[in-house]
>>> print(open('entry.tsv').read())   # TSV, C-alpha atoms
chain	number	residue	atom	x	y	z
A	298	MET	CA	-1.44	-51.15	-8.33
A	299	LYS	CA	-0.15	-54.21	-10.14
A	300	ARG	CA	2.45	-54.68	-7.43
A	301	PHE	CA	-0.31	-55.09	-4.80
A	302	LEU	CA	-2.38	-57.54	-6.83
A	303	PRO	CA	-0.92	-60.67	-5.19
A	304	LEU	CA	-1.47	-59.09	-1.80
A	305	ILE	CA	-5.13	-58.37	-2.54
A	306	VAL	CA	-5.73	-61.83	-4.03
A	307	VAL	CA	-4.13	-63.59	-1.06
A	308	ALA	CA	-6.05	-61.42	1.43
A	309	VAL	CA	-9.41	-62.08	-0.26
A	310	LEU	CA	-8.73	-65.82	-0.56
A	311	ALA	CA	-7.57	-66.14	3.05
A	312	GLY	CA	-10.61	-64.23	4.30
A	313	ALA	CA	-13.05	-66.28	2.22
A	314	VAL	CA	-11.51	-69.61	3.22
A	315	ALA	CA	-11.46	-68.64	6.91
A	316	PHE	CA	-15.10	-67.51	6.69
A	317	GLY	CA	-16.17	-70.76	5.03
A	318	VAL	CA	-14.25	-73.04	7.37
A	319	THR	CA	-15.47	-71.23	10.49
A	320	LYS	CA	-19.07	-71.24	9.26
A	321	TRP	CA	-18.89	-74.95	8.45
A	322	PHE	CA	-17.33	-75.69	11.84
A	323	ARG	CA	-20.00	-73.69	13.70
A	324	LEU	CA	-22.82	-75.34	11.72
A	325	SER	CA	-21.43	-78.82	12.31
A	326	HIS	CA	-21.20	-78.06	16.04
A	327	CYS	CA	-24.69	-76.55	16.21
A	328	PRO	CA	-26.58	-77.85	19.25
A	329	ASP	CA	-29.67	-79.99	18.72
A	330	GLU	CA	-33.10	-78.50	19.36
A	331	THR	CA	-33.40	-79.83	22.92
A	332	THR	CA	-29.98	-78.56	23.96
A	333	TRP	CA	-30.76	-75.19	22.42
A	334	LEU	CA	-34.08	-74.96	24.30
A	335	LYS	CA	-32.38	-75.93	27.56
A	336	ASN	CA	-29.58	-73.38	27.18
A	337	GLU	CA	-31.59	-70.56	25.63
A	338	PHE	CA	-34.40	-70.61	28.19
A	339	ALA	CA	-32.32	-71.77	31.17
A	340	LEU	CA	-34.45	-74.87	31.71
A	341	SER	CA	-34.01	-77.10	34.70
A	342	PRO	CA	-33.91	-80.86	34.10
A	343	GLN	CA	-37.50	-81.11	35.41
A	344	GLN	CA	-38.74	-78.37	33.08
A	345	LEU	CA	-36.95	-80.00	30.17
A	346	ALA	CA	-38.45	-83.39	31.00
A	347	SER	CA	-41.95	-81.85	31.15
A	348	ILE	CA	-41.47	-80.18	27.78
A	349	GLU	CA	-40.16	-83.40	26.25
A	350	LYS	CA	-43.24	-85.22	27.59
A	351	LEU	CA	-45.55	-82.58	26.12
A	352	ARG	CA	-43.88	-82.97	22.76
A	353	ALA	CA	-43.99	-86.75	22.90
A	354	ASP	CA	-47.72	-86.65	23.78
A	355	TYR	CA	-48.33	-84.19	20.95
A	356	ALA	CA	-46.52	-86.26	18.30
A	357	PRO	CA	-49.49	-88.59	17.50
A	358	VAL	CA	-51.87	-85.61	17.48
A	359	CYS	CA	-49.52	-83.78	15.10
A	360	ALA	CA	-49.28	-86.85	12.86
A	361	ALA	CA	-53.09	-87.09	12.75
A	362	HIS	CA	-53.32	-83.41	11.83
A	363	CYS	CA	-50.76	-83.89	9.08
A	364	ARG	CA	-52.84	-86.72	7.63
A	365	GLN	CA	-56.04	-84.62	7.86
A	366	ILE	CA	-54.39	-81.66	6.11
A	367	ALA	CA	-53.01	-83.89	3.38
A	368	ALA	CA	-56.42	-85.54	2.87
A	369	ALA	CA	-58.26	-82.19	2.84
A	370	GLU	CA	-55.75	-80.80	0.36
A	371	LYS	CA	-56.24	-83.84	-1.86
A	372	ARG	CA	-60.04	-83.45	-1.76
A	373	LEU	CA	-59.69	-79.76	-2.57
A	374	ALA	CA	-57.44	-80.45	-5.56
A	375	ALA	CA	-59.81	-83.18	-6.81
A	376	ALA	CA	-62.86	-80.90	-6.48
A	377	GLU	CA	-61.04	-78.12	-8.32
A	378	LYS	CA	-60.12	-80.47	-11.13
A	379	SER	CA	-63.49	-82.22	-11.48
A	380	ALA	CA	-66.01	-79.44	-10.78
A	381	GLY	CA	-64.10	-76.14	-10.92
A	382	ILE	CA	-63.49	-73.50	-8.29
A	383	SER	CA	-67.00	-72.05	-8.44
A	384	SER	CA	-68.70	-75.39	-7.77
A	385	GLU	CA	-70.54	-76.38	-4.60
A	386	GLU	CA	-68.25	-79.36	-4.18
A	387	PHE	CA	-65.13	-77.16	-4.24
A	388	HIS	CA	-66.57	-74.74	-1.67
A	389	ALA	CA	-67.41	-77.65	0.60
A	390	ALA	CA	-63.89	-79.04	0.23
A	391	GLN	CA	-62.41	-75.61	0.92
A	392	ALA	CA	-64.55	-75.19	4.03
A	393	LYS	CA	-63.36	-78.57	5.27
A	394	PHE	CA	-59.75	-77.65	4.51
A	395	ASP	CA	-60.09	-74.32	6.37
A	396	ALA	CA	-61.61	-76.07	9.37
A	397	VAL	CA	-58.80	-78.65	9.51
A	398	SER	CA	-56.13	-75.96	9.12
A	399	GLN	CA	-57.69	-73.82	11.82
A	400	GLU	CA	-57.86	-76.81	14.14
A	401	CYS	CA	-54.14	-77.47	13.52
A	402	VAL	CA	-53.19	-73.86	14.16
A	403	VAL	CA	-55.14	-73.76	17.42
A	404	SER	CA	-53.74	-77.11	18.51
A	405	THR	CA	-50.13	-76.03	17.82
A	406	GLN	CA	-50.69	-72.71	19.59
A	407	ARG	CA	-51.95	-74.58	22.64
A	408	LEU	CA	-48.88	-76.79	22.60
A	409	LEU	CA	-46.55	-73.79	22.42
A	410	GLU	CA	-48.42	-72.14	25.29
A	411	ALA	CA	-48.16	-75.35	27.29
A	412	ILE	CA	-44.40	-75.46	26.63
A	413	ALA	CA	-44.08	-71.80	27.67
A	414	ALA	CA	-46.02	-72.56	30.85
A	415	GLN	CA	-43.32	-75.04	31.89
A	416	MET	CA	-40.70	-72.29	31.80
A	417	ASP	CA	-40.10	-69.46	34.24
A	418	ALA	CA	-42.55	-66.61	33.58
A	419	ASP	CA	-40.08	-64.28	31.84
A	420	GLN	CA	-38.55	-67.06	29.80
A	421	GLY	CA	-42.02	-68.31	28.83
A	422	ARG	CA	-43.01	-64.88	27.55
A	423	ARG	CA	-39.76	-64.62	25.64
A	424	TYR	CA	-40.31	-68.11	24.18
A	425	LEU	CA	-43.79	-67.21	22.94
A	426	ALA	CA	-42.52	-63.93	21.48
A	427	MET	CA	-39.88	-65.87	19.55
A	428	VAL	CA	-42.02	-68.78	18.30
A	429	ALA	CA	-45.34	-67.05	17.61
A	430	PRO	CA	-44.23	-65.22	14.45
A	431	LYS	CA	-42.95	-68.52	13.01
A	432	LEU	CA	-46.24	-70.36	13.48
A	433	SER	CA	-48.35	-70.89	10.37
A	434	THR	CA	-51.79	-69.36	10.05
A	435	ALA	CA	-54.73	-71.10	8.39
A	436	GLU	CA	-54.10	-68.83	5.38
A	437	ASP	CA	-50.57	-70.30	5.03
A	438	ALA	CA	-52.05	-73.76	4.71
A	439	LEU	CA	-54.11	-72.98	1.62
A	440	PRO	CA	-52.79	-74.50	-1.60
A	441	PRO	CA	-51.50	-71.82	-4.05
A	442	ALA	CA	-54.46	-72.14	-6.41
A	443	THR	CA	-57.01	-71.23	-3.76
A	444	LYS	CA	-55.18	-68.26	-2.22
B	944	MET	CA	74.50	-58.90	19.23
B	945	ASN	CA	75.25	-61.84	17.01
B	946	ASP	CA	71.62	-62.25	16.14
B	947	ASP	CA	71.28	-58.61	15.16
B	948	SER	CA	74.12	-58.79	12.66
B	949	ALA	CA	72.74	-61.99	11.18
B	950	LEU	CA	69.33	-60.37	10.78
B	951	SER	CA	70.91	-57.29	9.28
B	952	ARG	CA	72.80	-59.38	6.74
B	953	PHE	CA	69.67	-61.30	5.86
B	954	LEU	CA	67.63	-58.16	5.33
B	955	LYS	CA	70.27	-56.82	3.01
B	956	ILE	CA	70.03	-59.77	0.69
B	957	TRP	CA	66.21	-60.39	1.02
B	958	HIS	CA	63.85	-59.18	-1.71
B	959	PRO	CA	60.07	-59.52	-1.37
B	960	ARG	CA	58.61	-61.73	-4.06
B	961	ASP	CA	56.17	-60.06	-6.40
B	962	PRO	CA	52.91	-62.03	-6.73
B	963	ALA	CA	52.41	-63.46	-10.15
B	964	PRO	CA	49.76	-61.44	-11.99
B	965	ALA	CA	46.45	-63.30	-12.34
B	966	PRO	CA	45.70	-63.84	-15.99
B	967	HIS	CA	42.50	-62.07	-17.24
B	968	PHE	CA	41.95	-60.49	-13.80
B	969	GLY	CA	40.21	-57.41	-15.17
B	970	GLU	CA	38.00	-59.37	-17.60
B	971	ASP	CA	36.95	-61.75	-14.84
B	972	VAL	CA	35.93	-58.89	-12.57
B	973	TRP	CA	33.85	-57.25	-15.27
B	974	ALA	CA	32.26	-60.57	-16.17
B	975	ARG	CA	31.19	-61.09	-12.55
B	976	ILE	CA	29.74	-57.59	-12.38
B	977	GLU	CA	27.86	-58.24	-15.59
B	978	ARG	CA	26.41	-61.54	-14.30
B	979	ALA	CA	25.31	-59.99	-11.03
B	980	SER	CA	23.53	-57.08	-12.69
B	981	SER	CA	21.77	-59.28	-15.27
B	982	SER	CA	20.36	-61.68	-12.60
B	983	ALA	CA	19.07	-58.88	-10.29
B	984	PRO	CA	15.27	-58.34	-10.43
B	985	SER	CA	14.45	-55.38	-12.54
B	986	SER	CA	10.64	-55.37	-12.58
B	987	GLY	CA	8.71	-53.25	-10.10
B	988	LEU	CA	6.71	-56.22	-8.80
B	989	PHE	CA	9.65	-57.81	-6.96
B	990	ARG	CA	11.84	-54.83	-6.44
B	991	PHE	CA	11.45	-55.26	-2.68
B	992	PRO	CA	10.65	-58.97	-2.48
B	993	SER	CA	11.14	-59.40	1.23
B	994	THR	CA	8.89	-56.43	2.06
B	995	LEU	CA	6.19	-57.60	-0.32
B	996	ARG	CA	6.29	-61.16	1.01
B	997	ALA	CA	6.01	-59.93	4.57
B	998	ALA	CA	3.06	-57.73	3.60
B	999	ILE	CA	1.35	-60.68	1.89
B	1000	CYS	CA	1.83	-62.87	4.96
B	1001	TRP	CA	0.43	-60.19	7.25
B	1002	ALA	CA	-2.50	-59.55	4.92
B	1003	ALA	CA	-3.30	-63.28	4.83
B	1004	VAL	CA	-3.19	-63.58	8.62
B	1005	VAL	CA	-5.25	-60.44	9.24
B	1006	SER	CA	-7.76	-61.36	6.54
B	1007	ALA	CA	-8.13	-64.95	7.82
B	1008	PHE	CA	-8.72	-63.65	11.32
B	1009	GLY	CA	-11.27	-61.15	10.01
B	1010	GLY	CA	-13.07	-63.80	7.94
B	1011	SER	CA	-13.21	-66.18	10.86
B	1012	ALA	CA	-14.51	-63.49	13.22
B	1013	ALA	CA	-17.14	-62.45	10.67
B	1014	ALA	CA	-18.36	-66.05	10.29
B	1015	TYR	CA	-18.50	-66.48	14.06
B	1016	ALA	CA	-20.47	-63.25	14.50
B	1017	TYR	CA	-22.84	-64.10	11.64
B	1018	ASP	CA	-23.51	-67.56	13.05
B	1019	SER	CA	-24.08	-66.21	16.56
B	1020	LEU	CA	-26.50	-63.57	15.29
B	1021	THR	CA	-28.54	-65.98	13.16
B	1022	ARG	CA	-28.42	-69.09	15.35
B	1023	ASP	CA	-31.49	-68.26	17.46
B	1024	GLU	CA	-33.51	-67.48	14.35
B	1025	ARG	CA	-32.52	-70.79	12.75
B	1026	MET	CA	-33.19	-72.79	15.90
B	1027	VAL	CA	-36.61	-71.19	16.46
B	1028	THR	CA	-37.57	-71.87	12.85
B	1029	ALA	CA	-36.48	-75.51	13.14
B	1030	HIS	CA	-38.25	-75.88	16.50
B	1031	VAL	CA	-41.59	-74.56	15.20
B	1032	ARG	CA	-41.23	-76.50	11.95
B	1033	SER	CA	-40.97	-79.73	13.92
B	1034	LEU	CA	-44.25	-78.99	15.76
B	1035	ASP	CA	-46.44	-77.27	13.20
B	1036	PRO	CA	-48.47	-79.75	11.07
B	1037	ILE	CA	-49.04	-77.14	8.35
B	1038	GLN	CA	-45.31	-76.62	7.89
B	1039	ILE	CA	-44.62	-80.35	8.13
B	1040	THR	CA	-47.22	-81.05	5.42
B	1041	ALA	CA	-45.84	-78.26	3.24
B	1042	ALA	CA	-42.33	-79.72	3.50
B	1043	PRO	CA	-42.75	-83.41	2.67
B	1044	HIS	CA	-39.12	-84.27	3.50
B	1045	THR	CA	-39.46	-83.10	7.07
B	1046	ILE	CA	-38.96	-86.00	9.45
B	1047	HIS	CA	-41.97	-86.24	11.65
B	1048	ARG	CA	-41.41	-86.89	15.32
B	1049	GLN	CA	-43.47	-89.94	16.18
>>> encode(input="entry.tsv", output="structure tokens")
Amino acid sequence: MKRFLPLIVVAVLAGAVAFGVTKWFRLSHCPDETTWLKNEFALSPQQLASIEKLRADYAPVCAAHCRQIAAAEKRLAAAEKSAGISSEEFHAAQAKFDAVSQECVVSTQRLLEAIAAQMDADQGRRYLAMVAPKLSTAEDALPPATK
Amino acid sequence: MNDDSALSRFLKIWHPRDPAPAPHFGEDVWARIERASSSAPSSGLFRFPSTLRAAICWAAVVSAFGGSAAAYAYDSLTRDERMVTAHVRSLDPIQITAAPHTIHRQ
């Protein structure tokens, strides 16, 4: 057994180094999101341009939603701290937070459906099947204390 | 005829010379045998050094190939999952807000 120790050590080291180097190389040559979308869903240049326009149009809406969520979360935390979780003020803040979160979820869903609509029918269905499980629900948006 | 008689006369008087005996010939031979046997590898680890080295080289090559193939397969299998996650994360305000270091696309 002792005779084969160098062989085992060299084999394990060579395998580990090759794994690490290949993984690093593949990660560093990973396509960007747009290239991946184009290749994965066989998008034509027109389809890709439409999707890019949808995303560009959605960016300010998304930024506004981010600000609304952050503000609602802040109000919720302040109400929890000042009046407690059984207070009227906290419930009002929570209702506001839920409404904002729900609005964001619906808005993002609509965007994803609009993106899918730009693709060929089969590819669009496949796109929605892939992205839908990754989308947050309003429940995901709740701060840990209120869950 | 003349040559034959001359050669015959020469052979009659010619005696082969005995080589001078090498001093300490036997001791030198034994000393060389001793040196050779003391420098030969005696442990089991390098009893067949060339075979072991060849095996190590082959193991390294095969293992490197296997490791590289495994990394390639792993990356190919998980790439879609990673790209979908990144794609949704760049569009979903709830995920963007939850991860403050996410760069927002303006």
>>> interface_residues(input="entry.tsv", of="chain B", to="chain A", cutoff="8 Å", atoms="all atoms listed in the file", output="MDAnalysis selection string")
chainID B and resid 987:989 995 998:999 1002:1015 1018 1026:1031 1034:1041 1047:1049
>>> write_last_selection(input="entry.tsv", atoms="C-alpha atoms", output="mmCIF file, in the coordinates of the input")
data_model
loop_
_atom_site.group_PDB
_atom_site.id
_atom_site.type_symbol
_atom_site.label_atom_id
_atom_site.label_comp_id
_atom_site.auth_asym_id
_atom_site.auth_seq_id
_atom_site.Cartn_x
_atom_site.Cartn_y
_atom_site.Cartn_z
ATOM 1 C CA GLY B 987 8.710 -53.250 -10.100
ATOM 2 C CA LEU B 988 6.710 -56.220 -8.800
ATOM 3 C CA PHE B 989 9.650 -57.810 -6.960
ATOM 4 C CA LEU B 995 6.190 -57.600 -0.320
ATOM 5 C CA ALA B 998 3.060 -57.730 3.600
ATOM 6 C CA ILE B 999 1.350 -60.680 1.890
ATOM 7 C CA ALA B 1002 -2.500 -59.550 4.920
ATOM 8 C CA ALA B 1003 -3.300 -63.280 4.830
ATOM 9 C CA VAL B 1004 -3.190 -63.580 8.620
ATOM 10 C CA VAL B 1005 -5.250 -60.440 9.240
ATOM 11 C CA SER B 1006 -7.760 -61.360 6.540
ATOM 12 C CA ALA B 1007 -8.130 -64.950 7.820
ATOM 13 C CA PHE B 1008 -8.720 -63.650 11.320
ATOM 14 C CA GLY B 1009 -11.270 -61.150 10.010
ATOM 15 C CA GLY B 1010 -13.070 -63.800 7.940
ATOM 16 C CA SER B 1011 -13.210 -66.180 10.860
ATOM 17 C CA ALA B 1012 -14.510 -63.490 13.220
ATOM 18 C CA ALA B 1013 -17.140 -62.450 10.670
ATOM 19 C CA ALA B 1014 -18.360 -66.050 10.290
ATOM 20 C CA TYR B 1015 -18.500 -66.480 14.060
ATOM 21 C CA ASP B 1018 -23.510 -67.560 13.050
ATOM 22 C CA MET B 1026 -33.190 -72.790 15.900
ATOM 23 C CA VAL B 1027 -36.610 -71.190 16.460
ATOM 24 C CA THR B 1028 -37.570 -71.870 12.850
ATOM 25 C CA ALA B 1029 -36.480 -75.510 13.140
ATOM 26 C CA HIS B 1030 -38.250 -75.880 16.500
ATOM 27 C CA VAL B 1031 -41.590 -74.560 15.200
ATOM 28 C CA LEU B 1034 -44.250 -78.990 15.760
ATOM 29 C CA ASP B 1035 -46.440 -77.270 13.200
ATOM 30 C CA PRO B 1036 -48.470 -79.750 11.070
ATOM 31 C CA ILE B 1037 -49.040 -77.140 8.350
ATOM 32 C CA GLN B 1038 -45.310 -76.620 7.890
ATOM 33 C CA ILE B 1039 -44.620 -80.350 8.130
ATOM 34 C CA THR B 1040 -47.220 -81.050 5.420
ATOM 35 C CA ALA B 1041 -45.840 -78.260 3.240
ATOM 36 C CA HIS B 1047 -41.970 -86.240 11.650
ATOM 37 C CA ARG B 1048 -41.410 -86.890 15.320
ATOM 38 C CA GLN B 1049 -43.470 -89.940 16.180
#
>>> atom_distance(input="entry.tsv", atom1="CA of Arg1032 in chain B", atom2="CA of Val403 in chain A")
15.2 Å
>>> axis_aligned_box(input="entry.tsv", around="range 349-367 of chain A", padding_each_side="4 Å", output="lines of an AutoDock Vina configuration file")
center_x = -48.1
center_y = -85.1
center_z = 15.5
size_x = 23.9
size_y = 14.9
size_z = 32.2
>>> atom_distance(input="entry.tsv", atom1="CA of Pro966 in chain B", atom2="CA of Ser980 in chain B")
23.4 Å
>>> residues_around(input="entry.tsv", residues="Gln344 in chain A", least_positions_apart="5", cutoff="10 Å", atoms="all atoms listed in the file", output="ChimeraX atom specification")
/A:335,339,349-350,412,414-417
>>> atom_distance(input="entry.tsv", atom1="CA of Ala392 in chain A", atom2="CA of Ala376 in chain A")
12.1 Å
>>> build_atoms(input="entry.tsv", residues="range 329-340 of chain A", atoms="N, CA and C atoms", output="short mmCIF file (atom, residue, chain, number, x, y, z; two decimals), in the coordinates of the input")
data_model
loop_
_atom_site.label_atom_id
_atom_site.label_comp_id
_atom_site.auth_asym_id
_atom_site.auth_seq_id
_atom_site.Cartn_x
_atom_site.Cartn_y
_atom_site.Cartn_z
N ASP A 329 -28.36 -79.52 19.17
CA ASP A 329 -29.67 -79.99 18.72
C ASP A 329 -30.76 -79.13 19.39
N GLU A 330 -31.99 -79.35 18.94
CA GLU A 330 -33.10 -78.50 19.36
C GLU A 330 -33.29 -78.52 20.88
N THR A 331 -33.18 -79.71 21.47
CA THR A 331 -33.40 -79.83 22.92
C THR A 331 -32.32 -79.09 23.70
N THR A 332 -31.09 -79.26 23.28
CA THR A 332 -29.98 -78.56 23.96
C THR A 332 -30.14 -77.06 23.83
N TRP A 333 -30.55 -76.63 22.63
CA TRP A 333 -30.76 -75.19 22.42
C TRP A 333 -31.85 -74.66 23.35
N LEU A 334 -32.98 -75.38 23.42
CA LEU A 334 -34.08 -74.96 24.30
C LEU A 334 -33.59 -74.85 25.75
N LYS A 335 -32.86 -75.87 26.17
CA LYS A 335 -32.38 -75.93 27.56
C LYS A 335 -31.47 -74.73 27.86
N ASN A 336 -30.54 -74.46 26.94
CA ASN A 336 -29.58 -73.38 27.18
C ASN A 336 -30.22 -72.00 27.01
N GLU A 337 -31.03 -71.87 25.96
CA GLU A 337 -31.59 -70.56 25.63
C GLU A 337 -32.57 -70.08 26.69
N PHE A 338 -33.36 -71.01 27.24
CA PHE A 338 -34.40 -70.61 28.19
C PHE A 338 -34.09 -71.08 29.61
N ALA A 339 -32.82 -71.41 29.84
CA ALA A 339 -32.32 -71.77 31.17
C ALA A 339 -33.25 -72.77 31.86
N LEU A 340 -33.51 -73.88 31.18
CA LEU A 340 -34.45 -74.87 31.71
C LEU A 340 -33.76 -75.79 32.72
#
